[in-house]
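**Student:** Structure file work-v4.cif (mmCIF, C-alpha atoms and all ligand atoms) is given on the next line.
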data_structure
loop_
_atom_site.label_atom_id
_atom_site.label_comp_id
_atom_site.auth_asym_id
_atom_site.auth_seq_id
_atom_site.Cartn_x
_atom_site.Cartn_y
_atom_site.Cartn_z
CA MET A 18 -13.49 17.45 87.38
CA SER A 19 -14.09 16.07 90.86
CA GLU A 20 -13.67 18.29 93.91
CA GLN A 21 -10.17 18.19 95.45
CA ILE A 22 -10.04 15.70 98.30
CA LYS A 23 -8.95 17.07 101.65
CA LYS A 24 -7.79 14.10 103.66
CA ILE A 25 -6.31 10.70 102.87
CA GLY A 26 -5.02 7.75 104.89
CA VAL A 27 -2.10 5.42 104.37
CA LEU A 28 -1.38 1.98 105.84
CA THR A 29 0.95 -0.96 105.33
CA SER A 30 -0.46 -4.48 105.58
CA GLY A 31 0.72 -8.11 105.40
CA GLY A 32 4.44 -8.91 105.42
CA ASP A 33 6.69 -5.84 105.45
CA SER A 34 9.15 -5.20 102.64
CA PRO A 35 12.13 -2.89 102.15
CA GLY A 36 10.96 0.26 100.39
CA MET A 37 7.61 0.51 102.16
CA ASN A 38 8.90 3.58 104.01
CA ALA A 39 9.97 5.20 100.76
CA ALA A 40 6.41 4.60 99.49
CA ILE A 41 4.83 6.07 102.65
CA ARG A 42 7.14 9.06 102.31
CA ALA A 43 6.09 9.59 98.70
CA VAL A 44 2.40 9.40 99.63
CA VAL A 45 2.81 11.88 102.49
CA ARG A 46 5.01 14.38 100.66
CA THR A 47 2.96 14.30 97.44
CA ALA A 48 -0.27 14.80 99.34
CA ARG A 49 1.14 17.59 101.51
CA ALA A 50 2.47 19.35 98.41
CA LYS A 51 -1.12 19.38 97.14
CA GLY A 52 -2.49 20.67 100.46
CA ILE A 53 -4.07 17.30 101.39
CA LYS A 54 -3.99 16.14 105.00
CA VAL A 55 -2.54 12.68 105.59
CA MET A 56 -3.51 10.27 108.34
CA GLY A 57 -1.12 7.44 109.12
CA ILE A 58 -2.83 4.21 110.17
CA ARG A 59 -0.70 1.92 112.33
CA ASN A 60 -0.69 -1.89 112.02
CA GLY A 61 -2.66 -2.27 108.79
CA TYR A 62 -6.36 -3.11 108.98
CA LYS A 63 -5.94 -4.00 112.66
CA GLY A 64 -5.06 -0.37 113.42
CA LEU A 65 -7.84 0.89 111.18
CA LEU A 66 -10.40 -1.08 113.20
CA ALA A 67 -8.85 0.12 116.46
CA GLY A 68 -8.73 3.74 115.32
CA ASP A 69 -4.94 3.79 115.73
CA ILE A 70 -4.73 6.76 113.42
CA PHE A 71 -2.60 9.92 113.61
CA GLU A 72 -1.88 12.92 111.45
CA MET A 73 1.34 12.91 109.47
CA ASN A 74 3.22 15.81 107.96
CA SER A 75 6.30 16.14 105.76
CA LYS A 76 8.50 15.95 108.85
CA SER A 77 6.91 12.65 109.95
CA VAL A 78 8.69 10.97 107.04
CA SER A 79 12.08 12.66 107.41
CA GLU A 80 14.99 10.24 107.50
CA THR A 81 12.84 7.32 106.36
CA VAL A 82 13.86 6.85 102.73
CA ASN A 83 16.82 4.73 103.80
CA LYS A 84 15.01 2.66 106.43
CA GLY A 85 13.92 -0.96 106.10
CA GLY A 86 10.65 -2.21 107.57
CA THR A 87 7.67 0.10 107.89
CA ILE A 88 7.38 3.09 110.21
CA LEU A 89 3.61 2.53 110.24
CA GLN A 90 4.07 -1.03 111.53
CA THR A 91 2.16 -3.81 109.82
CA ALA A 92 -0.08 -6.67 110.84
CA ARG A 93 -2.24 -9.45 109.58
CA CYS A 94 -5.87 -9.02 110.63
CA LYS A 95 -8.11 -12.07 110.27
CA GLU A 96 -11.27 -10.21 111.35
CA PHE A 97 -11.01 -8.00 108.30
CA MET A 98 -12.05 -10.97 106.14
CA GLN A 99 -15.54 -10.59 107.60
CA ALA A 100 -18.10 -8.13 106.19
CA GLU A 101 -18.95 -6.79 109.64
CA TYR A 102 -15.35 -5.68 110.26
CA GLN A 103 -14.94 -4.32 106.75
CA GLN A 104 -17.95 -2.09 107.42
CA ARG A 105 -16.33 -1.01 110.67
CA GLY A 106 -13.17 -0.16 108.70
CA ALA A 107 -15.17 2.00 106.30
CA ASP A 108 -16.94 3.63 109.26
CA MET A 109 -13.57 4.42 110.83
CA CYS A 110 -12.46 6.12 107.59
CA ASN A 111 -15.64 8.22 107.68
CA ILE A 112 -15.23 9.07 111.38
CA PHE A 113 -11.66 10.29 110.72
CA GLY A 114 -12.72 12.10 107.53
CA ILE A 115 -10.50 9.87 105.38
CA GLU A 116 -11.80 10.25 101.81
CA GLY A 117 -9.13 8.18 100.12
CA LEU A 118 -6.92 5.37 101.38
CA VAL A 119 -3.56 4.09 100.14
CA VAL A 120 -2.91 0.43 101.03
CA ILE A 121 0.67 -0.79 100.63
CA GLY A 122 0.85 -4.59 100.67
CA GLY A 123 0.28 -7.77 98.74
CA ASP A 124 -2.67 -9.54 97.11
CA GLY A 125 -4.35 -10.22 100.46
CA SER A 126 -4.17 -6.56 101.41
CA PHE A 127 -5.62 -5.64 98.01
CA GLN A 128 -8.61 -7.87 98.72
CA GLY A 129 -9.24 -5.88 101.87
CA ALA A 130 -8.81 -2.65 99.88
CA GLU A 131 -11.37 -3.85 97.36
CA LYS A 132 -13.89 -4.45 100.13
CA LEU A 133 -13.38 -0.91 101.47
CA ALA A 134 -13.77 0.51 97.96
CA ASN A 135 -17.09 -1.35 97.63
CA LEU A 136 -18.17 0.39 100.83
CA GLY A 137 -17.52 3.81 99.31
CA ILE A 138 -13.92 4.53 100.36
CA ASN A 139 -11.69 5.37 97.40
CA THR A 140 -8.81 2.97 97.87
CA ILE A 141 -5.57 2.62 95.94
CA GLY A 142 -3.26 -0.39 96.29
CA ILE A 143 0.53 -0.22 95.99
CA PRO A 144 2.31 -3.57 95.53
CA GLY A 145 4.66 -4.11 98.45
CA THR A 146 6.05 -7.61 98.94
CA ILE A 147 9.43 -9.29 98.61
CA ASP A 148 7.77 -12.22 96.81
CA LEU A 149 7.09 -10.53 93.41
CA ASP A 150 3.95 -12.67 93.33
CA ILE A 151 1.37 -10.03 92.39
CA ALA A 152 0.10 -10.93 88.94
CA CYS A 153 -0.90 -7.49 87.69
CA THR A 154 2.55 -5.95 88.02
CA GLU A 155 6.06 -6.74 86.84
CA TYR A 156 7.47 -5.22 90.01
CA THR A 157 6.63 -5.30 93.71
CA ILE A 158 8.42 -3.04 96.20
CA GLY A 159 10.98 -4.98 98.22
CA PHE A 160 11.85 -7.68 95.71
CA ASP A 161 15.16 -6.23 94.55
CA THR A 162 16.42 -5.71 98.09
CA ALA A 163 15.38 -9.23 99.10
CA VAL A 164 17.09 -10.80 96.08
CA ASN A 165 20.27 -8.84 96.77
CA THR A 166 20.16 -9.90 100.43
CA ALA A 167 19.66 -13.53 99.43
CA MET A 168 22.43 -13.28 96.83
CA ASP A 169 24.92 -11.85 99.35
CA ALA A 170 24.12 -14.60 101.85
CA ILE A 171 24.20 -17.43 99.30
CA ILE A 172 27.50 -16.33 97.78
CA LYS A 173 29.07 -16.41 101.27
CA ILE A 174 27.70 -19.89 101.83
CA ARG A 175 29.13 -20.82 98.45
CA ASP A 176 32.64 -19.75 99.58
CA THR A 177 32.67 -22.02 102.58
CA SER A 178 30.95 -24.79 100.65
CA THR A 179 33.76 -24.69 98.08
CA SER A 180 36.50 -24.65 100.75
CA HIS A 181 35.06 -27.77 102.37
CA SER A 182 33.95 -29.48 99.13
CA ARG A 183 30.46 -29.61 100.56
CA CYS A 184 26.94 -29.64 99.27
CA SER A 185 24.91 -26.66 100.48
CA ILE A 186 21.16 -26.32 100.48
CA VAL A 187 19.82 -22.79 100.95
CA GLU A 188 16.12 -22.18 101.44
CA VAL A 189 14.86 -18.74 100.44
CA MET A 190 11.49 -17.04 100.96
CA GLY A 191 8.80 -16.38 98.37
CA ARG A 192 5.71 -17.99 99.86
CA HIS A 193 4.12 -19.88 96.90
CA ALA A 194 6.35 -18.22 94.30
CA GLY A 195 9.87 -18.99 93.11
CA TYR A 196 11.06 -15.56 91.96
CA ILE A 197 13.53 -14.96 94.80
CA ALA A 198 14.91 -18.49 94.37
CA LEU A 199 15.25 -18.25 90.59
CA TRP A 200 16.85 -14.80 90.55
CA SER A 201 19.21 -15.44 93.48
CA GLY A 202 20.03 -18.90 92.09
CA ILE A 203 21.05 -17.48 88.72
CA CYS A 204 23.00 -14.66 90.36
CA THR A 205 25.01 -17.01 92.58
CA GLY A 206 25.62 -19.70 89.96
CA ALA A 207 23.60 -22.32 91.81
CA ASP A 208 23.86 -25.88 90.53
CA LEU A 209 20.20 -26.58 91.18
CA VAL A 210 17.27 -24.23 91.75
CA LEU A 211 13.96 -25.62 92.94
CA ILE A 212 10.85 -23.46 92.48
CA PRO A 213 7.18 -24.26 93.09
CA GLU A 214 6.26 -23.34 89.52
CA LYS A 215 8.18 -26.38 88.21
CA ASP A 216 7.88 -30.01 89.24
CA ALA A 217 10.64 -30.78 91.71
CA PRO A 218 13.01 -33.66 90.92
CA SER A 219 12.78 -36.67 93.22
CA ARG A 220 15.27 -37.02 96.08
CA ASN A 221 17.06 -39.73 94.12
CA GLU A 222 17.36 -37.46 91.10
CA ILE A 223 18.75 -34.69 93.30
CA ILE A 224 21.29 -37.09 94.80
CA GLU A 225 22.31 -38.32 91.33
CA ASN A 226 22.83 -34.71 90.30
CA VAL A 227 25.08 -34.08 93.33
CA VAL A 228 27.16 -37.18 92.58
CA THR A 229 27.44 -36.42 88.85
CA ASN A 230 28.75 -32.92 89.54
CA LYS A 231 31.24 -34.24 92.09
CA ASN A 232 32.50 -36.82 89.58
CA LYS A 233 32.95 -34.07 87.00
CA GLY A 234 35.26 -32.27 89.42
CA LYS A 235 32.95 -29.69 90.98
CA LYS A 236 34.24 -28.51 94.36
CA HIS A 237 30.78 -27.80 95.75
CA PHE A 238 27.14 -28.37 95.03
CA LEU A 239 24.93 -25.35 95.65
CA MET A 240 21.18 -25.83 95.77
CA VAL A 241 18.73 -22.94 96.16
CA VAL A 242 15.27 -24.03 97.24
CA ALA A 243 12.18 -21.82 97.32
CA GLU A 244 10.26 -22.26 100.58
CA GLY A 245 7.16 -23.17 98.54
CA VAL A 246 8.80 -26.40 97.34
CA ASP A 247 8.22 -29.45 99.50
CA VAL A 248 11.55 -31.27 99.67
CA GLY A 249 10.57 -33.00 102.90
CA GLY A 250 12.57 -30.48 104.94
CA CYS A 251 15.97 -29.08 103.94
CA ASP A 252 17.69 -30.52 107.02
CA ASP A 253 16.28 -33.95 106.30
CA LEU A 254 17.31 -33.71 102.65
CA ALA A 255 20.84 -32.68 103.72
CA LYS A 256 21.09 -35.72 106.00
CA GLU A 257 19.96 -38.07 103.23
CA ILE A 258 22.39 -36.60 100.68
CA GLU A 259 25.25 -36.94 103.15
CA ALA A 260 24.26 -40.50 104.13
CA LYS A 261 23.89 -41.68 100.54
CA THR A 262 26.87 -39.90 98.95
CA GLY A 263 29.36 -39.38 101.74
CA ILE A 264 29.48 -35.70 100.70
CA GLU A 265 29.17 -33.41 103.73
CA THR A 266 25.96 -31.44 103.34
CA ARG A 267 24.62 -28.42 105.23
CA ALA A 268 21.25 -26.72 105.07
CA THR A 269 20.60 -23.03 105.74
CA ILE A 270 17.22 -21.37 105.95
CA LEU A 271 17.68 -17.66 105.24
CA GLY A 272 14.27 -16.72 106.67
CA HIS A 273 13.31 -13.22 107.78
CA PHE A 274 16.83 -11.93 107.19
CA GLN A 275 15.54 -11.42 103.62
CA ARG A 276 12.76 -9.06 104.68
CA GLY A 277 14.86 -6.37 106.33
CA GLY A 278 17.55 -3.88 105.48
CA ALA A 279 17.87 -0.58 103.67
CA PRO A 280 16.07 -0.69 100.31
CA THR A 281 18.09 -0.74 97.09
CA ALA A 282 17.88 2.12 94.60
CA VAL A 283 15.42 0.08 92.49
CA ASP A 284 13.05 -0.31 95.43
CA ARG A 285 13.31 3.35 96.47
CA LEU A 286 12.61 4.54 92.96
CA HIS A 287 9.56 2.34 92.37
CA ALA A 288 8.30 3.24 95.84
CA ALA A 289 8.65 6.96 95.13
CA MET A 290 6.87 6.73 91.78
CA MET A 291 4.10 4.40 92.95
CA GLY A 292 3.45 6.40 96.12
CA SER A 293 3.17 9.62 94.19
CA LYS A 294 0.96 8.06 91.53
CA ALA A 295 -1.41 6.68 94.17
CA VAL A 296 -2.04 10.21 95.45
CA ASP A 297 -2.47 11.53 91.89
CA LEU A 298 -5.14 8.87 91.28
CA LEU A 299 -7.02 9.84 94.44
CA CYS A 300 -6.85 13.49 93.35
CA GLU A 301 -8.39 12.49 90.01
CA GLY A 302 -11.31 11.08 92.00
CA LYS A 303 -10.29 7.49 91.30
CA GLY A 304 -10.64 4.63 93.78
CA LYS A 305 -10.56 0.83 93.70
CA ARG A 306 -7.34 0.93 91.68
CA VAL A 307 -3.95 -0.67 92.02
CA VAL A 308 -0.73 0.97 90.86
CA CYS A 309 1.50 -1.28 88.76
CA PHE A 310 4.76 -1.13 86.83
CA ASN A 311 4.51 -2.78 83.43
CA GLU A 312 6.59 -2.44 80.27
CA GLY A 313 8.54 0.47 81.73
CA GLU A 314 5.51 2.50 82.76
CA TYR A 315 3.51 3.15 85.90
CA VAL A 316 -0.08 2.20 85.17
CA ASP A 317 -3.21 1.48 87.19
CA TYR A 318 -5.90 -1.18 87.02
CA ASP A 319 -9.23 -1.85 88.66
CA ILE A 320 -8.48 -3.93 91.79
CA ASN A 321 -11.04 -6.57 90.81
CA GLU A 322 -9.45 -7.01 87.41
CA ALA A 323 -5.98 -6.99 88.94
CA LEU A 324 -6.86 -9.73 91.42
CA LYS A 325 -8.12 -11.96 88.60
CA MET A 326 -4.86 -11.73 86.63
CA THR A 327 -2.36 -14.57 86.67
CA LYS A 328 1.35 -14.72 85.94
CA ASP A 329 4.04 -17.33 85.78
CA VAL A 330 7.80 -17.24 86.09
CA ASP A 331 9.57 -16.41 82.85
CA GLN A 332 10.08 -19.79 81.14
CA TYR A 333 13.06 -18.44 79.21
CA MET A 334 14.67 -17.49 82.52
CA VAL A 335 14.04 -21.02 83.81
CA LYS A 336 15.68 -22.43 80.67
CA VAL A 337 18.68 -20.12 80.89
CA ASN A 338 19.13 -21.08 84.53
CA GLN A 339 19.19 -24.75 83.58
CA LEU A 340 21.73 -24.12 80.83
CA LEU A 341 24.02 -22.11 83.08
CA ALA A 342 23.80 -24.64 85.89
CA THR A 343 24.98 -27.41 83.58
CA PHE A 344 28.62 -28.20 84.36
P1 LIG B 1 -0.34 -9.79 101.71
O1 LIG B 1 -1.08 -8.51 101.64
O2 LIG B 1 1.14 -9.60 101.83
O3 LIG B 1 -0.75 -10.75 100.61
P2 LIG B 1 -1.93 -11.34 103.60
O4 LIG B 1 -2.43 -12.30 102.59
O5 LIG B 1 -1.50 -11.86 104.94
O6 LIG B 1 -0.69 -10.49 103.12
O7 LIG B 1 -3.10 -10.27 103.81
C1 LIG B 1 -2.89 -9.14 104.66
C2 LIG B 1 -4.20 -8.75 105.30
O8 LIG B 1 -5.14 -8.35 104.29
C3 LIG B 1 -4.92 -9.87 106.05
O9 LIG B 1 -4.42 -10.08 107.34
C4 LIG B 1 -6.33 -9.30 106.10
O10 LIG B 1 -6.42 -8.28 107.08
C5 LIG B 1 -6.46 -8.64 104.73
N1 LIG B 1 -7.12 -9.57 103.79
C6 LIG B 1 -6.59 -10.64 103.19
N2 LIG B 1 -7.51 -11.28 102.44
C7 LIG B 1 -8.67 -10.60 102.59
C8 LIG B 1 -9.99 -10.76 102.09
N3 LIG B 1 -10.33 -11.78 101.29
N4 LIG B 1 -10.92 -9.85 102.46
C9 LIG B 1 -10.61 -8.85 103.29
N5 LIG B 1 -9.36 -8.64 103.78
C10 LIG B 1 -8.41 -9.49 103.45
O1 LIG B 2 5.08 -12.50 101.84
C1 LIG B 2 6.34 -12.22 102.37
C2 LIG B 2 6.84 -13.38 103.20
O2 LIG B 2 8.11 -13.04 103.73
C3 LIG B 2 6.91 -14.71 102.45
O3 LIG B 2 8.04 -14.80 101.62
C4 LIG B 2 6.91 -15.68 103.60
O4 LIG B 2 6.36 -16.93 103.20
C5 LIG B 2 5.99 -15.02 104.60
O5 LIG B 2 5.97 -13.64 104.28
C6 LIG B 2 6.45 -15.18 106.03
O6 LIG B 2 5.48 -14.64 106.85
P1 LIG B 2 5.69 -14.35 108.42
O7 LIG B 2 6.49 -13.09 108.52
O8 LIG B 2 4.31 -14.19 108.94
O9 LIG B 2 6.43 -15.51 108.97
#
Render the structure in this file as structure tokens.
**Tutor:**
Amino acid sequence: MSEQIKKIGVLTSGGDSPGMNAAIRAVVRTARAKGIKVMGIRNGYKGLLAGDIFEMNSKSVSETVNKGGTILQTARCKEFMQAEYQQRGADMCNIFGIEGLVVIGGDGSFQGAEKLANLGINTIGIPGTIDLDIACTEYTIGFDTAVNTAMDAIIKIRDTSTSHSRCSIVEVMGRHAGYIALWSGICTGADLVLIPEKDAPSRNEIIENVVTNKNKGKKHFLMVVAEGVDVGGCDDLAKEIEAKTGIETRATILGHFQRGGAPTAVDRLHAAMMGSKAVDLLCEGKGKRVVCFNEGEYVDYDINEALKMTKDVDQYMVKVNQLLATF
């Protein structure tokens, strides 16, 4: 049995996601309940290097479970890719007496966490990204909120699209992954969903599809496009559809709207469980691990192993989407 650790740190890194605060809260409250001091690190690895570190207590996370964004702020820090700065990060942990570190973020942030673990700092990753693109886990904190936000926006666009008998193109986030597009597309009854994991149809094929649906009596054509798909620009595509079909077409890029807002129950729950588990792992003397949710259970893997894993969108889901989109 390893000796009880006395002080841990927590940071958020990369793009923020709804539920990060609920995860920070779980880390802080679980640690405090065990008599462990918690240091909050502002602005991810950037703040670690700058020593932007402060002590947190149970009160520091009051009224945060409902908040979007991250109370610790987040940042991207290019310097941290270099060994020299990683060493400085580990030195900072030692200077502040931080024996274990919880990193809430995506794959990139986990790579940084792995480097710190190699330099002797026990580090635990918690998956926090709206993109759902972390291979080792079926769930990433923020995804459910982002999909619901996208769904609400798309369904409103669908209303006006129907009223005007228009074609609407909606671009959603997801970086190189199509999960937000696929889920929100299915949930809004989109006529066409384009995701980077599948070859995109040509512009002519898209236009044919729009015309076919119109001829079958469809009042609108709703297309959800993942940002990782190169359609030559949604605005440009809209102009070409309109020019070639005579059907009024509008493009909307949902953008950062999808990253904010109060987290859904799903996000809060996963955040609570993952945050608490991260502290439990540190108390067991474990480091270089990432907390995941797979097959209904919270599990943990070696970060190296986790970063090597791959995953793809559910092909059955892709097939069902195609079937349901057929008019
Ligand atoms: P995410 O964590 O959401 O995937 P990024 O890919 O932008 O977001 O990574 C967040 C931060 O993690 C980067 O700005 C950098 O500080 C750190 N990071 C990313 N990749 C590495 C790496 N290979 N080595 C060390 N740190 C990294
Ligand atoms: O990873 C989350 C995410 O919102 C992606 O979906 C998107 O591609 C990217 O971050 C946007 O990054 P930024 O906030 O730096 O524009």
**Student:** I'd like to know which of A:Leu286, A:Leu324, A:Ile197, A:Val187 is closest to ligand LIG 1 (chain B), using only C-alpha atoms and all ligand atoms.
**Tutor:**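 Among the listed residues, the smallest separation from ligand LIG 1 (chain B) belongs to A:Leu324.
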**Student:** Got a sec to check which residues lie within 7 Å of ligand LIG 1 (chain B), using only C-alpha atoms and all ligand atoms, and send them as a list in words?
**Tutor:**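 Listing the residues within 7 Å of ligand LIG 1 (chain B) gives Ser30, Gly31, Gly32, Tyr62, Ala92, Arg93, Cys94, Lys95, Glu96, Phe97, Met98, Gln99, Gly122, Gly123, Asp124, Gly125, Ser126, Phe127, Gln128, Gly129, Lys132 and Thr146 of chain A.
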**Student:** Excluding same-chain residues fewer than 4 positions from stretch 299-313 of chain A, what lies within 8 Å of it counting all atoms listed in the file, as a PyMOL selection string?
**Tutor:** chain A and resi 18-22+117+127+130-131+134-135+138-144+153-156+291+294-295+317-321+323
**Student:** Counting all atoms listed in the file, what is within 9 Å of A:Asp208, bar same-chain residues fewer than 6 positions away, as a PyMOL selection string?
**Tutor:** chain A and resi 202+226-227+230+237-241+339+341-344
**Student:** When the cut-off is 10 Å and you count only C-alpha atoms and all ligand atoms, which residues lie near ligand LIG 2 (chain B), shown as a ChimeraX atom specification?
**Tutor:** /A:31-34,92-93,122-125,145-150,159-160,163,189-195,197,243-245,272-277
**Student:** Find, counting all atoms listed in the file, the residue in A:Val316, A:Leu271, A:Val335, A:Val296 that gets nearest to A:Thr47.
**Tutor:**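 Closest candidate: A:Val296.
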**Student:** Output as a compact mmCIF listing (two decimals), keeping the file's coordinate frame: stretch 99-108 of chain A, completed with all heavy atoms.
**Tutor:**
# COMPACT_ATOMS: atom_id res chain seq x y z
N GLN A 99 -14.09 -10.55 107.40
CA GLN A 99 -15.54 -10.59 107.60
C GLN A 99 -16.19 -9.25 107.29
O GLN A 99 -15.67 -8.19 107.66
CB GLN A 99 -15.85 -10.96 109.06
CG GLN A 99 -15.35 -12.33 109.47
CD GLN A 99 -15.41 -12.50 110.98
OE1 GLN A 99 -16.33 -12.03 111.64
NE2 GLN A 99 -14.39 -13.15 111.53
N ALA A 100 -17.38 -9.33 106.65
CA ALA A 100 -18.10 -8.13 106.19
C ALA A 100 -18.33 -7.13 107.33
O ALA A 100 -18.17 -5.92 107.13
CB ALA A 100 -19.42 -8.56 105.57
N GLU A 101 -18.66 -7.66 108.50
CA GLU A 101 -18.95 -6.79 109.64
C GLU A 101 -17.75 -5.86 109.97
O GLU A 101 -17.90 -4.67 110.23
CB GLU A 101 -19.24 -7.73 110.81
CG GLU A 101 -19.55 -7.11 112.12
CD GLU A 101 -19.44 -8.16 113.25
OE1 GLU A 101 -19.45 -9.39 112.98
OE2 GLU A 101 -19.33 -7.71 114.41
N TYR A 102 -16.54 -6.46 109.94
CA TYR A 102 -15.35 -5.68 110.26
C TYR A 102 -14.95 -4.76 109.12
O TYR A 102 -14.40 -3.68 109.34
CB TYR A 102 -14.20 -6.62 110.66
CG TYR A 102 -14.46 -7.25 112.01
CD1 TYR A 102 -15.08 -8.49 112.11
CD2 TYR A 102 -14.11 -6.59 113.18
CE1 TYR A 102 -15.34 -9.07 113.35
CE2 TYR A 102 -14.36 -7.15 114.42
CZ TYR A 102 -14.97 -8.40 114.51
OH TYR A 102 -15.23 -8.95 115.74
N GLN A 103 -15.24 -5.19 107.90
CA GLN A 103 -14.94 -4.32 106.75
C GLN A 103 -15.80 -3.06 106.85
O GLN A 103 -15.33 -1.95 106.61
CB GLN A 103 -15.23 -5.07 105.44
CG GLN A 103 -14.24 -6.21 105.21
CD GLN A 103 -14.78 -7.31 104.32
OE1 GLN A 103 -15.85 -7.17 103.71
NE2 GLN A 103 -14.06 -8.41 104.24
N GLN A 104 -17.06 -3.23 107.24
CA GLN A 104 -17.95 -2.09 107.42
C GLN A 104 -17.41 -1.18 108.52
O GLN A 104 -17.39 0.04 108.38
CB GLN A 104 -19.38 -2.57 107.76
CG GLN A 104 -20.40 -1.44 107.90
CD GLN A 104 -20.54 -0.61 106.62
OE1 GLN A 104 -20.86 -1.13 105.55
NE2 GLN A 104 -20.26 0.70 106.72
N ARG A 105 -16.90 -1.81 109.59
CA ARG A 105 -16.33 -1.01 110.67
C ARG A 105 -15.12 -0.21 110.18
O ARG A 105 -14.91 0.94 110.56
CB ARG A 105 -15.92 -1.90 111.86
CG ARG A 105 -15.61 -1.06 113.08
CD ARG A 105 -15.06 -1.88 114.23
NE ARG A 105 -16.05 -2.75 114.82
CZ ARG A 105 -15.78 -3.57 115.85
NH1 ARG A 105 -14.57 -3.62 116.35
NH2 ARG A 105 -16.71 -4.34 116.36
N GLY A 106 -14.33 -0.85 109.29
CA GLY A 106 -13.17 -0.16 108.70
C GLY A 106 -13.62 1.05 107.90
O GLY A 106 -13.03 2.14 108.02
N ALA A 107 -14.66 0.88 107.10
CA ALA A 107 -15.17 2.00 106.30
C ALA A 107 -15.72 3.08 107.23
O ALA A 107 -15.51 4.28 107.00
CB ALA A 107 -16.26 1.49 105.35
N ASP A 108 -16.41 2.65 108.30
CA ASP A 108 -16.94 3.63 109.26
C ASP A 108 -15.81 4.44 109.89
O ASP A 108 -15.93 5.65 110.07
CB ASP A 108 -17.73 2.92 110.38
CG ASP A 108 -19.03 2.29 109.86
OD1 ASP A 108 -19.45 2.64 108.73
OD2 ASP A 108 -19.61 1.42 110.56
